[in-house]
Each structure stands twice: as structure tokens, then as C-alpha cells.
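Scroll down for the structure; my scribbles are underneath it.
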Amino acid sequence: MADLEINTQKISQKYRTNVPRLIRAWKKGLSDPEIAQYTGVSATTLYQIRSELELAHRRVRLTKKRQALNGAPIHTKRHILLRPLL
């Protein structure tokens with residue numbers, strides 16, 4: 001499971017900025033122009049960081065989903081019409 005986590009330290013080194021701080025700012029609801037003004041990181045760099053993080057999260061979710069499907073039969077995970085989730 002440890003290999004499925006996103007390495008924010010590596011992304012921070014790549015873009016030479018504090019990525020966990022940017023993530024906290026996004027979670028607080030700050031917009032990209034506000035974050036760019038406070039941190040000094042350009043808007044295009046923020047867009048690249050956000051895209052890279054979204055892609056990494058998508059890969060992690062897909063990997064976890066594949067692992068779950070490999071361990072259980074598919075029919076137990078699906079909703080069948082006129083029946084509750086089985």
C-alpha cells in the first residue's frame with residue numbers, strides 16, 4: 001500500500017515549491033490567482049502541479065479498484081435492478 005501513496009516530496013523537488021502547502025491552500029478553497037500571489041508560484045506552474053496530482057490520484061484509485069476486483073467476484077460489487085446492493 002505504501003507504493004500507492006503520492007510522493008509530494010518528489011513533486012516539491014521537481015517544481016521547487018512546497019506542494020503540501022499548495023494542497024492545503026486548494027483544500028481551503030483559495031483560487032489559483034490567490035495562491036500565485038501569496039506563494040510567488042506562477043499560474044501555469046500551479047496548473048501543472050494540479051494536473052500532475054490529479055493524474056497521480058487517478059492512478060492510485062484505479063490501482064486500488066483493480067486490486068479490489070481481483071480479490072472478489074465482480075457480481076457482488078454491482079447493483080442489480082430491482083434488488084438492493086448485493
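Labels for the C-alpha cells follow display order: chains A, B, ..., residues from 1 in each chain, ligands from 1.
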Write out as a PyMOL selection string each polymer residue whose atoms come within 12 Å of A:Pro33, counting only C-alpha atoms; drop sequence neighbours fewer than 6 positions from it.
-> chain A and resi 25-26+39-47
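Of the residues under consideration (A:Lys65, A:Ile6, A:Arg58, A:Ile49), A:Ile49 shows the shortest atom-to-atom contact distance to A:Val19 when counting only C-alpha atoms.
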Separation of atom CA of A:Leu30 and atom CA of A:Glu5, in Å?
-> 24.4 Å
Might you pull out every residue within 12 Å of A:Lys10, with only C-alpha atoms counted and same-chain residues fewer than 6 positions away left off, and present them as a CSV table (one decimal) with C-alpha atoms, in the first residue's frame?
```csv
chain,number,residue,atom,x,y,z
A,16,ARG,CA,11.0,23.8,-6.3
A,17,THR,CA,8.0,24.7,-4.2
A,18,ASN,CA,6.1,23.4,-1.1
A,19,VAL,CA,3.4,21.1,-2.6
A,20,PRO,CA,1.7,20.2,0.7
A,49,ILE,CA,1.2,20.7,-10.3
A,52,GLU,CA,0.1,16.0,-12.0
A,53,LEU,CA,-1.5,15.5,-8.6
```
All helix (DSSP H, G or I) residues (DSSP, backbone) inside stretch 30-61 of chain A, as a PyMOL selection string = chain A and resi 32-39+43-61
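Shortest atom-to-atom contact with A:Thr8 among A:Leu62, A:Ala56, A:Ile35, A:Ala68: A:Ala56, counting only C-alpha atoms.
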